[in-house]
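> Contents of upload_24.txt (compact mmCIF, C-alpha atoms and all ligand atoms) are given next:
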# COMPACT_ATOMS: atom_id res chain seq x y z
CA MET A 1 3.49 -15.27 93.05
CA ARG A 2 4.68 -14.40 96.58
CA LYS A 3 2.22 -11.50 96.68
CA CYS A 4 -0.61 -13.85 95.68
CA LEU A 5 0.33 -16.33 98.43
CA ALA A 6 0.49 -13.54 101.03
CA LEU A 7 -2.97 -12.39 99.95
CA ILE A 8 -4.42 -15.91 100.23
CA PHE A 9 -3.03 -16.26 103.78
CA LEU A 10 -3.95 -12.76 104.91
CA LEU A 11 -7.49 -12.75 103.50
CA PRO A 12 -8.90 -15.04 106.21
CA LEU A 13 -7.20 -12.87 108.86
CA PHE A 14 -8.79 -9.79 107.30
CA LEU A 15 -12.18 -11.50 107.30
CA LEU A 16 -11.67 -12.60 110.92
CA GLY A 17 -11.01 -9.02 111.95
CA ALA A 18 -14.14 -7.79 110.20
CA ALA A 19 -16.72 -8.96 112.75
CA ASP A 20 -18.34 -6.69 115.36
CA PHE A 21 -17.63 -9.21 118.14
CA ASP A 22 -15.23 -12.10 118.74
CA CYS A 23 -18.03 -13.89 120.51
CA VAL A 24 -21.80 -13.59 121.08
CA VAL A 25 -23.17 -15.32 124.18
CA ILE A 26 -26.91 -16.00 124.04
CA GLY A 27 -28.56 -16.38 127.46
CA THR A 28 -27.63 -15.20 130.94
CA SER A 29 -27.72 -18.22 133.21
CA PRO A 30 -24.71 -18.17 135.58
CA ILE A 31 -22.68 -20.41 133.26
CA SER A 32 -23.31 -18.09 130.28
CA MET A 33 -22.41 -15.01 132.32
CA LEU A 34 -19.19 -16.66 133.58
CA GLU A 35 -18.31 -17.67 130.01
CA ALA A 36 -18.79 -14.09 128.81
CA ILE A 37 -16.70 -12.72 131.71
CA SER A 38 -13.91 -15.24 131.17
CA ARG A 39 -13.70 -14.40 127.46
CA ALA A 40 -13.74 -10.66 128.15
CA PHE A 41 -10.89 -11.11 130.65
CA SER A 42 -8.98 -12.93 127.90
CA GLY A 43 -9.30 -9.85 125.71
CA GLU A 44 -12.20 -10.92 123.50
CA LYS A 45 -14.85 -8.47 122.40
CA VAL A 46 -18.06 -10.00 123.78
CA LEU A 47 -21.77 -9.38 123.24
CA LEU A 48 -24.00 -10.95 125.93
CA LEU A 49 -27.73 -10.89 125.33
CA ASP A 50 -30.93 -12.30 126.71
CA GLN A 51 -34.54 -12.02 125.64
CA ALA A 52 -35.63 -11.68 129.28
CA ALA A 53 -35.88 -8.37 131.13
CA GLU A 54 -33.80 -9.77 133.98
CA ALA A 55 -30.67 -11.88 133.89
CA GLY A 56 -30.24 -15.35 135.36
CA GLY A 57 -32.25 -17.78 133.24
CA ALA A 58 -33.51 -20.47 135.63
CA TRP A 59 -31.51 -18.69 138.37
CA LYS A 60 -33.57 -15.51 138.10
CA SER A 61 -35.17 -14.39 141.35
CA ILE A 62 -38.72 -13.09 141.67
CA ARG A 63 -40.83 -10.92 143.96
CA ALA A 64 -43.29 -13.08 145.86
CA CYS A 65 -45.69 -12.14 148.70
CA ASP A 66 -44.08 -8.69 148.87
CA ILE A 67 -40.64 -10.24 149.39
CA SER A 68 -37.90 -9.28 146.89
CA HIS A 69 -35.33 -11.64 145.41
CA VAL A 70 -37.03 -14.92 146.20
CA ASP A 71 -35.42 -17.91 144.46
CA MET A 72 -37.60 -19.11 141.59
CA GLY A 73 -38.04 -22.76 142.39
CA CYS A 74 -35.91 -24.90 144.59
CA HIS A 75 -32.18 -24.37 144.02
CA GLN A 76 -29.12 -26.15 145.23
CA LEU A 77 -25.57 -25.63 143.98
CA VAL A 78 -24.71 -28.96 142.38
CA GLY A 79 -21.06 -29.83 143.03
CA SER A 80 -20.46 -27.07 145.57
CA THR A 81 -17.21 -28.51 146.81
CA PRO A 82 -14.91 -26.38 149.00
CA GLU A 83 -13.06 -25.38 145.77
CA VAL A 84 -16.29 -24.09 144.17
CA LYS A 85 -17.13 -22.26 147.40
CA ALA A 86 -13.65 -20.65 147.43
CA PHE A 87 -13.99 -19.63 143.76
CA LEU A 88 -17.41 -18.01 144.29
CA GLU A 89 -16.18 -16.18 147.37
CA LYS A 90 -12.87 -15.00 145.94
CA TYR A 91 -13.82 -14.13 142.37
CA VAL A 92 -17.57 -13.49 142.44
CA GLY A 93 -17.69 -11.91 145.92
CA CYS A 94 -20.49 -14.15 147.22
CA LYS A 95 -20.94 -15.02 150.86
CA MET A 96 -21.38 -18.79 150.94
CA VAL A 97 -23.21 -20.44 153.81
CA PRO A 98 -23.42 -24.13 154.67
CA MET A 99 -26.74 -25.83 153.96
CA GLU A 100 -28.27 -27.48 156.98
CA LYS A 101 -29.94 -30.31 155.12
CA PRO A 102 -28.78 -30.50 151.50
CA PHE A 103 -30.78 -32.72 149.19
CA GLU A 104 -28.54 -35.78 149.09
CA MET A 105 -28.87 -36.75 145.44
CA TRP A 106 -25.43 -35.31 144.66
CA ASN A 107 -23.39 -37.35 147.17
CA GLY A 108 -22.86 -34.60 149.70
CA HIS A 109 -21.32 -32.17 147.19
CA SER A 110 -24.08 -29.60 147.57
CA GLU A 111 -23.16 -28.25 150.94
CA TYR A 112 -22.95 -24.50 150.34
CA TYR A 113 -25.37 -21.89 149.05
CA PHE A 114 -25.49 -18.11 148.65
CA SER A 115 -26.32 -16.24 151.83
CA ARG A 116 -28.92 -14.13 149.96
CA GLY A 117 -30.07 -16.79 147.52
CA CYS A 118 -29.45 -16.91 143.78
CA TYR A 119 -30.05 -13.13 143.54
CA GLU A 120 -26.64 -12.71 145.19
CA LEU A 121 -24.89 -14.71 142.45
CA ILE A 122 -26.64 -13.00 139.52
CA HIS A 123 -26.31 -9.52 141.05
CA ASN A 124 -22.58 -10.02 141.70
CA LEU A 125 -22.00 -11.37 138.18
CA GLU A 126 -23.79 -8.30 136.77
CA LYS A 127 -21.49 -6.07 138.85
CA ILE A 128 -18.44 -7.81 137.34
CA ILE A 129 -19.88 -7.49 133.83
CA ALA A 130 -20.41 -3.76 134.40
CA LYS A 131 -16.65 -3.40 134.98
CA THR A 132 -15.77 -5.13 131.70
CA PRO A 133 -16.22 -3.92 128.11
CA ILE A 134 -18.89 -6.62 127.54
CA VAL A 135 -21.85 -5.24 125.59
CA TYR A 136 -24.73 -6.46 127.76
CA LEU A 137 -28.25 -6.36 126.32
CA LEU A 138 -31.37 -7.58 128.11
CA ASN A 139 -34.80 -7.58 126.38
CA HIS A 140 -33.00 -8.70 123.23
CA SER A 141 -34.34 -11.86 121.67
CA VAL A 142 -32.12 -13.54 119.09
CA ASP A 143 -34.47 -14.39 116.23
CA THR A 144 -32.11 -15.63 113.53
CA VAL A 145 -28.47 -16.61 113.03
CA PHE A 146 -26.97 -16.89 109.54
CA MET A 147 -23.63 -16.98 107.72
CA GLN A 148 -22.64 -13.97 105.63
CA GLY A 149 -19.28 -13.18 104.11
CA GLY A 150 -17.37 -15.66 106.24
CA THR A 151 -18.82 -14.44 109.54
CA LEU A 152 -21.88 -15.34 111.57
CA THR A 153 -24.63 -12.76 111.78
CA VAL A 154 -26.94 -12.60 114.79
CA GLU A 155 -30.26 -10.82 114.39
CA ALA A 156 -31.85 -9.49 117.58
CA GLN A 157 -34.54 -6.83 117.95
CA GLY A 158 -34.17 -5.85 114.29
CA LYS A 159 -30.41 -5.23 114.63
CA ARG A 160 -27.57 -7.30 113.19
CA TYR A 161 -24.31 -8.20 114.93
CA THR A 162 -21.47 -10.09 113.24
CA THR A 163 -19.23 -12.48 115.11
CA HIS A 164 -16.82 -15.39 114.74
CA ARG A 165 -18.32 -17.50 117.52
CA ILE A 166 -21.73 -17.98 119.10
CA ILE A 167 -22.11 -19.58 122.51
CA THR A 168 -25.57 -20.77 123.33
CA VAL A 169 -27.28 -23.31 125.60
CA PRO A 170 -29.76 -26.12 124.88
CA SER A 171 -32.69 -24.05 126.18
CA SER A 172 -32.08 -21.16 123.74
CA PHE A 173 -34.25 -21.16 120.64
CA PHE A 174 -33.73 -19.23 117.41
CA ASN A 175 -33.76 -19.77 113.69
CA LEU A 176 -30.49 -21.06 112.17
CA GLU A 177 -31.06 -19.76 108.65
CA GLY A 178 -29.19 -21.69 106.00
CA ILE A 179 -27.14 -23.53 108.64
CA LEU A 180 -29.49 -26.05 110.23
CA PRO A 181 -33.26 -26.63 110.18
CA LYS A 182 -35.15 -24.38 112.56
CA ARG A 183 -34.70 -25.38 116.20
CA THR A 184 -38.03 -25.60 117.91
CA ALA A 185 -38.80 -26.05 121.57
CA PRO A 186 -39.03 -29.77 122.43
CA GLN A 187 -42.53 -30.96 123.23
CA PRO A 188 -43.00 -32.37 126.72
CA SER A 189 -42.99 -36.15 126.56
CA PHE A 190 -43.62 -38.89 129.05
CA ASN A 191 -42.86 -42.56 129.18
CA SER A 192 -45.98 -44.49 128.14
CA SER A 193 -44.97 -47.49 130.27
CA GLN A 194 -44.93 -45.20 133.33
CA LYS A 195 -48.38 -43.92 132.43
CA LYS A 196 -49.87 -47.43 132.44
CA ARG A 197 -48.62 -48.20 135.95
C1 LIG A 201 -36.92 -23.83 138.75
C2 LIG A 201 -35.56 -24.43 138.42
C3 LIG A 201 -34.68 -24.76 139.44
C4 LIG A 201 -33.41 -25.29 139.12
N1 LIG A 201 -32.58 -25.55 140.16
C5 LIG A 201 -31.32 -25.98 139.88
C6 LIG A 201 -30.39 -26.18 140.95
O1 LIG A 201 -30.71 -26.03 142.11
N2 LIG A 201 -29.13 -26.56 140.66
C7 LIG A 201 -28.74 -26.75 139.36
O2 LIG A 201 -27.58 -27.06 139.14
N3 LIG A 201 -29.60 -26.58 138.34
C8 LIG A 201 -30.87 -26.21 138.57
N4 LIG A 201 -31.75 -26.03 137.54
C9 LIG A 201 -31.34 -26.37 136.20
C10 LIG A 201 -31.01 -25.13 135.41
O3 LIG A 201 -31.71 -25.23 134.21
C11 LIG A 201 -29.51 -24.98 135.20
O4 LIG A 201 -28.86 -24.85 136.43
C12 LIG A 201 -29.09 -23.75 134.36
O5 LIG A 201 -29.87 -22.62 134.67
C13 LIG A 201 -29.22 -24.08 132.91
O6 LIG A 201 -28.65 -23.00 132.23
P1 LIG A 201 -28.95 -22.74 130.74
O7 LIG A 201 -28.13 -21.56 130.32
O8 LIG A 201 -28.78 -24.01 129.99
O9 LIG A 201 -30.52 -22.40 130.64
P2 LIG A 201 -31.41 -21.30 131.34
O10 LIG A 201 -31.06 -21.11 132.77
O11 LIG A 201 -32.82 -21.68 131.01
O12 LIG A 201 -31.04 -19.94 130.57
C14 LIG A 201 -31.31 -19.77 129.20
C15 LIG A 201 -31.42 -18.28 128.94
O13 LIG A 201 -31.42 -18.08 127.54
C16 LIG A 201 -32.37 -17.09 127.22
N5 LIG A 201 -32.78 -17.31 125.82
C17 LIG A 201 -33.37 -18.41 125.28
N6 LIG A 201 -33.59 -18.26 123.97
C18 LIG A 201 -33.12 -17.00 123.67
C19 LIG A 201 -33.07 -16.24 122.47
N7 LIG A 201 -33.53 -16.71 121.31
N8 LIG A 201 -32.55 -15.00 122.52
C20 LIG A 201 -32.08 -14.49 123.69
N9 LIG A 201 -32.11 -15.15 124.85
C21 LIG A 201 -32.62 -16.40 124.84
C22 LIG A 201 -33.50 -17.29 128.21
O14 LIG A 201 -34.26 -16.11 128.38
C23 LIG A 201 -32.72 -17.67 129.48
O15 LIG A 201 -32.41 -16.54 130.26
C24 LIG A 201 -33.03 -25.52 137.80
C25 LIG A 201 -33.94 -25.21 136.76
C26 LIG A 201 -35.18 -24.68 137.07
C27 LIG A 201 -36.14 -24.34 135.94
Output the file's structure as structure tokens, nothing else.
Ligand SMILES: Cc1cc2nc3c(=O)[nH]c(=O)nc-3n(C[C@H](O)[C@H](O)[C@H](O)COP(=O)(O)OP(=O)(O)OC[C@H]3O[C@@H](n4cnc5c(N)ncnc54)[C@H](O)[C@@H]3O)c2cc1C

Amino acid sequence: MRKCLALIFLLPLFLLGAADFDCVVIGTSPISMLEAISRAFSGEKVLLLDQAAEAGGAWKSIRACDISHVDMGCHQLVGSTPEVKAFLEKYVGCKMVPMEKPFEMWNGHSEYYFSRGCYELIHNLEKIIAKTPIVYLLNHSVDTVFMQGGTLTVEAQGKRYTTHRIITVPSSFFNLEGILPKRTAPQPSFNSSQKKR
């Protein structure tokens, strides 16, 4: 009887240990990269992947008019309080500079930005990731996620990775087979009352 009870309690632990990764992070916007780093520092085995060739999500920089690392779109660090500035300087190694005329929508809490634009943030986060055991895969689109044998299985580029936890963001799209109906990209909508005006 005791042996049976021990088996019942140990079986989930055995199953938990059977996955390739403790956590799979889908997407590489700064928040996803920081999440992956934080988990790796806590000792978790992390897989970080993105379908894009370059990291950053909406914070990716581009080459424009022969100039490298141009911010894609207009960026401002929402909530860049002195504490956020100190964190980014101390832990991410960014040089933060005051903004001369921050867009005032966020009540004056957007006062600092990266001296070399968002490239500086993404590049520095990639340097930190390179020093961790995180398995970091760009050009890897997650097509499907499904449950198998008590673990989650992530399918990307024809390969399968098992994990106990998946961290994703609202703008990531993939098929949740047997878990939820397929998530599809939301269609752009507009307010019809605004249209009439
Ligand atoms: C031009 C622009 C400017 C912005 N400026 C600001 C700003 O100044 N301040 C601010 O706070 N916010 C800004 N935002 C909002 C921005 O969306 C957020 O700051 C943040 O990037 C959102 O992060 P996210 O991870 O949710 O999505 P995203 O940044 O969109 O990242 C999602 C990532 O997931 C990847 N992905 C999606 N599906 C899959 C899949 N199936 N498999 C693998 N990878 C996948 C994508 O390739 C992408 O890299 C801006 C957005 C845009 C578009």
> What is the distance between CA of Tyr136 (chain A) and CA of Lys90 (chain A), in Å to one decimal?
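Separation between CA of Tyr136 (chain A) and CA of Lys90 (chain A): 23.3 Å.
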> Restrict the calculation to all atoms listed in the file, then for each residue of chain A with any atom at most 6 Å from an atom of ligand LIG 201 (chain A) give the closest atom pair and their distance in Å to one decimal, rows by chain and rising residue number, as a tab-separated table.

residue	atom	partner	partner_atom	distance
A:Ile26	CA	A:LIG201	N9	5.3
A:Gly27	CA	A:LIG201	O13	3.3
A:Thr28	CA	A:LIG201	O15	5.0
A:Ser29	CA	A:LIG201	O7	4.4
A:Ser32	CA	A:LIG201	O7	5.9
A:Leu49	CA	A:LIG201	C20	5.9
A:Asp50	CA	A:LIG201	N9	3.6
A:Gln51	CA	A:LIG201	C20	4.0
A:Ala52	CA	A:LIG201	O14	4.7
A:Gly56	CA	A:LIG201	O15	5.7
A:Gly57	CA	A:LIG201	O15	3.2
A:Ala58	CA	A:LIG201	O10	3.8
A:Trp59	CA	A:LIG201	O5	5.6
A:Met72	CA	A:LIG201	C1	5.6
A:Gly73	CA	A:LIG201	C1	4.0
A:Cys74	CA	A:LIG201	C3	5.3
A:His75	CA	A:LIG201	O1	2.9
A:Gln76	CA	A:LIG201	O1	3.5
A:Leu77	CA	A:LIG201	N2	5.0
A:Val78	CA	A:LIG201	O2	4.7
A:His140	CA	A:LIG201	C20	5.9
A:Ser141	CA	A:LIG201	N8	3.7
A:Val142	CA	A:LIG201	N8	3.8
A:Asp143	CA	A:LIG201	N7	5.7
A:Val169	CA	A:LIG201	O8	4.7
A:Pro170	CA	A:LIG201	O8	5.6
A:Ser171	CA	A:LIG201	O9	5.2
A:Ser172	CA	A:LIG201	N6	3.3
A:Phe173	CA	A:LIG201	N6	4.5
A:Phe174	CA	A:LIG201	N7	4.6
> Return the single residue from A:Lys85, A:Glu35, A:Leu121, A:Asn139 that is closest to Val97 (chain A), with distances computed using only C-alpha atoms.
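For Val97 (chain A), the nearest of the given residues is A:Lys85.
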> Using only C-alpha atoms, which of the listed residues (A:Arg116, A:Lys101, A:Arg160, A:Arg63) sits closest to Gln148 (chain A)?
A:Arg160
> Could you tell me how far CA of Phe41 (chain A) lies from CA of Ala86 (chain A), in Å and to one decimal?
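Those two atoms sit 19.5 Å apart.
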> Measure the distance from CA of His164 (chain A) to CA of Ile31 (chain A) in Å and round it to one decimal.
20.1 Å
> I'd like the neighbourhood of Ile37 (chain A) as a PyMOL selection string, where a residue qualifies if any of its atoms comes within 9 Å (using all atoms listed in the file), though same-chain residues fewer than 2 positions away should be ignored.
chain A and resi 32-35+39-42+46+125+128-129+132+134
> Please save C-alpha atoms of the selected residues as a short mmCIF file (atom, residue, chain, number, x, y, z; two decimals), in the frame of the given file.

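Dumped everything to selection21.cif:
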data_model
loop_
_atom_site.label_atom_id
_atom_site.label_comp_id
_atom_site.auth_asym_id
_atom_site.auth_seq_id
_atom_site.Cartn_x
_atom_site.Cartn_y
_atom_site.Cartn_z
CA SER A 32 -23.31 -18.09 130.28
CA MET A 33 -22.41 -15.01 132.32
CA LEU A 34 -19.19 -16.66 133.58
CA GLU A 35 -18.31 -17.67 130.01
CA ARG A 39 -13.70 -14.40 127.46
CA ALA A 40 -13.74 -10.66 128.15
CA PHE A 41 -10.89 -11.11 130.65
CA SER A 42 -8.98 -12.93 127.90
CA VAL A 46 -18.06 -10.00 123.78
CA LEU A 125 -22.00 -11.37 138.18
CA ILE A 128 -18.44 -7.81 137.34
CA ILE A 129 -19.88 -7.49 133.83
CA THR A 132 -15.77 -5.13 131.70
CA ILE A 134 -18.89 -6.62 127.54
#
> Measuring atom to atom with only C-alpha atoms, identify which of A:Val25, A:Met96, A:Ala19, A:Leu137 is nearest to Thr168 (chain A).
A:Val25
> Can you take the partial region 141-169 of chain A, add N, CA and C atoms, and return it as a PDB file, keeping the file's coordinate frame?

ATOM      1  N   SER A 141     -34.124 -10.481 122.093  1.00  0.00           N
ATOM      2  CA  SER A 141     -34.340 -11.860 121.670  1.00  0.00           C
ATOM      3  C   SER A 141     -33.597 -12.122 120.356  1.00  0.00           C
ATOM      4  N   VAL A 142     -32.777 -13.163 120.346  1.00  0.00           N
ATOM      5  CA  VAL A 142     -32.120 -13.540 119.090  1.00  0.00           C
ATOM      6  C   VAL A 142     -33.141 -14.303 118.250  1.00  0.00           C
ATOM      7  N   ASP A 143     -33.460 -13.747 117.077  1.00  0.00           N
ATOM      8  CA  ASP A 143     -34.470 -14.390 116.230  1.00  0.00           C
ATOM      9  C   ASP A 143     -33.800 -15.345 115.241  1.00  0.00           C
ATOM     10  N   THR A 144     -32.728 -14.858 114.608  1.00  0.00           N
ATOM     11  CA  THR A 144     -32.110 -15.630 113.530  1.00  0.00           C
ATOM     12  C   THR A 144     -30.590 -15.520 113.596  1.00  0.00           C
ATOM     13  N   VAL A 145     -29.923 -16.615 113.192  1.00  0.00           N
ATOM     14  CA  VAL A 145     -28.470 -16.610 113.030  1.00  0.00           C
ATOM     15  C   VAL A 145     -28.178 -17.111 111.621  1.00  0.00           C
ATOM     16  N   PHE A 146     -27.328 -16.404 110.879  1.00  0.00           N
ATOM     17  CA  PHE A 146     -26.970 -16.890 109.540  1.00  0.00           C
ATOM     18  C   PHE A 146     -25.534 -16.527 109.190  1.00  0.00           C
ATOM     19  N   MET A 147     -24.992 -17.239 108.184  1.00  0.00           N
ATOM     20  CA  MET A 147     -23.630 -16.980 107.720  1.00  0.00           C
ATOM     21  C   MET A 147     -23.651 -15.932 106.625  1.00  0.00           C
ATOM     22  N   GLN A 148     -22.725 -14.972 106.695  1.00  0.00           N
ATOM     23  CA  GLN A 148     -22.640 -13.970 105.630  1.00  0.00           C
ATOM     24  C   GLN A 148     -21.187 -13.508 105.508  1.00  0.00           C
ATOM     25  N   GLY A 149     -20.644 -13.661 104.353  1.00  0.00           N
ATOM     26  CA  GLY A 149     -19.280 -13.180 104.110  1.00  0.00           C
ATOM     27  C   GLY A 149     -18.245 -13.740 105.055  1.00  0.00           C
ATOM     28  N   GLY A 150     -18.372 -15.017 105.390  1.00  0.00           N
ATOM     29  CA  GLY A 150     -17.370 -15.660 106.240  1.00  0.00           C
ATOM     30  C   GLY A 150     -17.557 -15.415 107.728  1.00  0.00           C
ATOM     31  N   THR A 151     -18.554 -14.625 108.110  1.00  0.00           N
ATOM     32  CA  THR A 151     -18.820 -14.440 109.540  1.00  0.00           C
ATOM     33  C   THR A 151     -20.266 -14.821 109.852  1.00  0.00           C
ATOM     34  N   LEU A 152     -20.516 -15.037 111.141  1.00  0.00           N
ATOM     35  CA  LEU A 152     -21.880 -15.340 111.570  1.00  0.00           C
ATOM     36  C   LEU A 152     -22.594 -14.022 111.860  1.00  0.00           C
ATOM     37  N   THR A 153     -23.856 -13.959 111.483  1.00  0.00           N
ATOM     38  CA  THR A 153     -24.630 -12.760 111.780  1.00  0.00           C
ATOM     39  C   THR A 153     -25.783 -13.137 112.713  1.00  0.00           C
ATOM     40  N   VAL A 154     -25.892 -12.371 113.804  1.00  0.00           N
ATOM     41  CA  VAL A 154     -26.940 -12.600 114.790  1.00  0.00           C
ATOM     42  C   VAL A 154     -27.959 -11.477 114.656  1.00  0.00           C
ATOM     43  N   GLU A 155     -29.217 -11.845 114.515  1.00  0.00           N
ATOM     44  CA  GLU A 155     -30.260 -10.820 114.390  1.00  0.00           C
ATOM     45  C   GLU A 155     -31.072 -10.775 115.673  1.00  0.00           C
ATOM     46  N   ALA A 156     -31.090  -9.625 116.328  1.00  0.00           N
ATOM     47  CA  ALA A 156     -31.850  -9.490 117.580  1.00  0.00           C
ATOM     48  C   ALA A 156     -32.500  -8.116 117.607  1.00  0.00           C
ATOM     49  N   GLN A 157     -33.771  -8.087 117.875  1.00  0.00           N
ATOM     50  CA  GLN A 157     -34.540  -6.830 117.950  1.00  0.00           C
ATOM     51  C   GLN A 157     -34.320  -5.962 116.708  1.00  0.00           C
ATOM     52  N   GLY A 158     -34.295  -6.599 115.546  1.00  0.00           N
ATOM     53  CA  GLY A 158     -34.170  -5.850 114.290  1.00  0.00           C
ATOM     54  C   GLY A 158     -32.759  -5.360 113.984  1.00  0.00           C
ATOM     55  N   LYS A 159     -31.799  -5.656 114.885  1.00  0.00           N
ATOM     56  CA  LYS A 159     -30.410  -5.230 114.630  1.00  0.00           C
ATOM     57  C   LYS A 159     -29.559  -6.438 114.306  1.00  0.00           C
ATOM     58  N   ARG A 160     -28.459  -6.208 113.583  1.00  0.00           N
ATOM     59  CA  ARG A 160     -27.570  -7.300 113.190  1.00  0.00           C
ATOM     60  C   ARG A 160     -26.190  -7.119 113.826  1.00  0.00           C
ATOM     61  N   TYR A 161     -25.646  -8.215 114.331  1.00  0.00           N
ATOM     62  CA  TYR A 161     -24.310  -8.200 114.930  1.00  0.00           C
ATOM     63  C   TYR A 161     -23.507  -9.329 114.294  1.00  0.00           C
ATOM     64  N   THR A 162     -22.292  -9.025 113.832  1.00  0.00           N
ATOM     65  CA  THR A 162     -21.470 -10.090 113.240  1.00  0.00           C
ATOM     66  C   THR A 162     -20.467 -10.592 114.269  1.00  0.00           C
ATOM     67  N   THR A 163     -20.136 -11.864 114.135  1.00  0.00           N
ATOM     68  CA  THR A 163     -19.230 -12.480 115.110  1.00  0.00           C
ATOM     69  C   THR A 163     -18.539 -13.692 114.497  1.00  0.00           C
ATOM     70  N   HIS A 164     -17.494 -14.167 115.181  1.00  0.00           N
ATOM     71  CA  HIS A 164     -16.820 -15.390 114.740  1.00  0.00           C
ATOM     72  C   HIS A 164     -17.301 -16.610 115.500  1.00  0.00           C
ATOM     73  N   ARG A 165     -17.920 -16.355 116.692  1.00  0.00           N
ATOM     74  CA  ARG A 165     -18.320 -17.500 117.520  1.00  0.00           C
ATOM     75  C   ARG A 165     -19.603 -17.165 118.270  1.00  0.00           C
ATOM     76  N   ILE A 166     -20.498 -18.159 118.319  1.00  0.00           N
ATOM     77  CA  ILE A 166     -21.730 -17.980 119.100  1.00  0.00           C
ATOM     78  C   ILE A 166     -21.745 -19.037 120.184  1.00  0.00           C
ATOM     79  N   ILE A 167     -22.011 -18.610 121.412  1.00  0.00           N
ATOM     80  CA  ILE A 167     -22.110 -19.580 122.510  1.00  0.00           C
ATOM     81  C   ILE A 167     -23.550 -19.547 122.994  1.00  0.00           C
ATOM     82  N   THR A 168     -24.176 -20.704 122.926  1.00  0.00           N
ATOM     83  CA  THR A 168     -25.570 -20.770 123.330  1.00  0.00           C
ATOM     84  C   THR A 168     -25.782 -22.006 124.188  1.00  0.00           C
ATOM     85  N   VAL A 169     -26.991 -22.175 124.701  1.00  0.00           N
ATOM     86  CA  VAL A 169     -27.280 -23.310 125.600  1.00  0.00           C
ATOM     87  C   VAL A 169     -28.478 -24.068 125.041  1.00  0.00           C
TER      88      VAL A 169
END
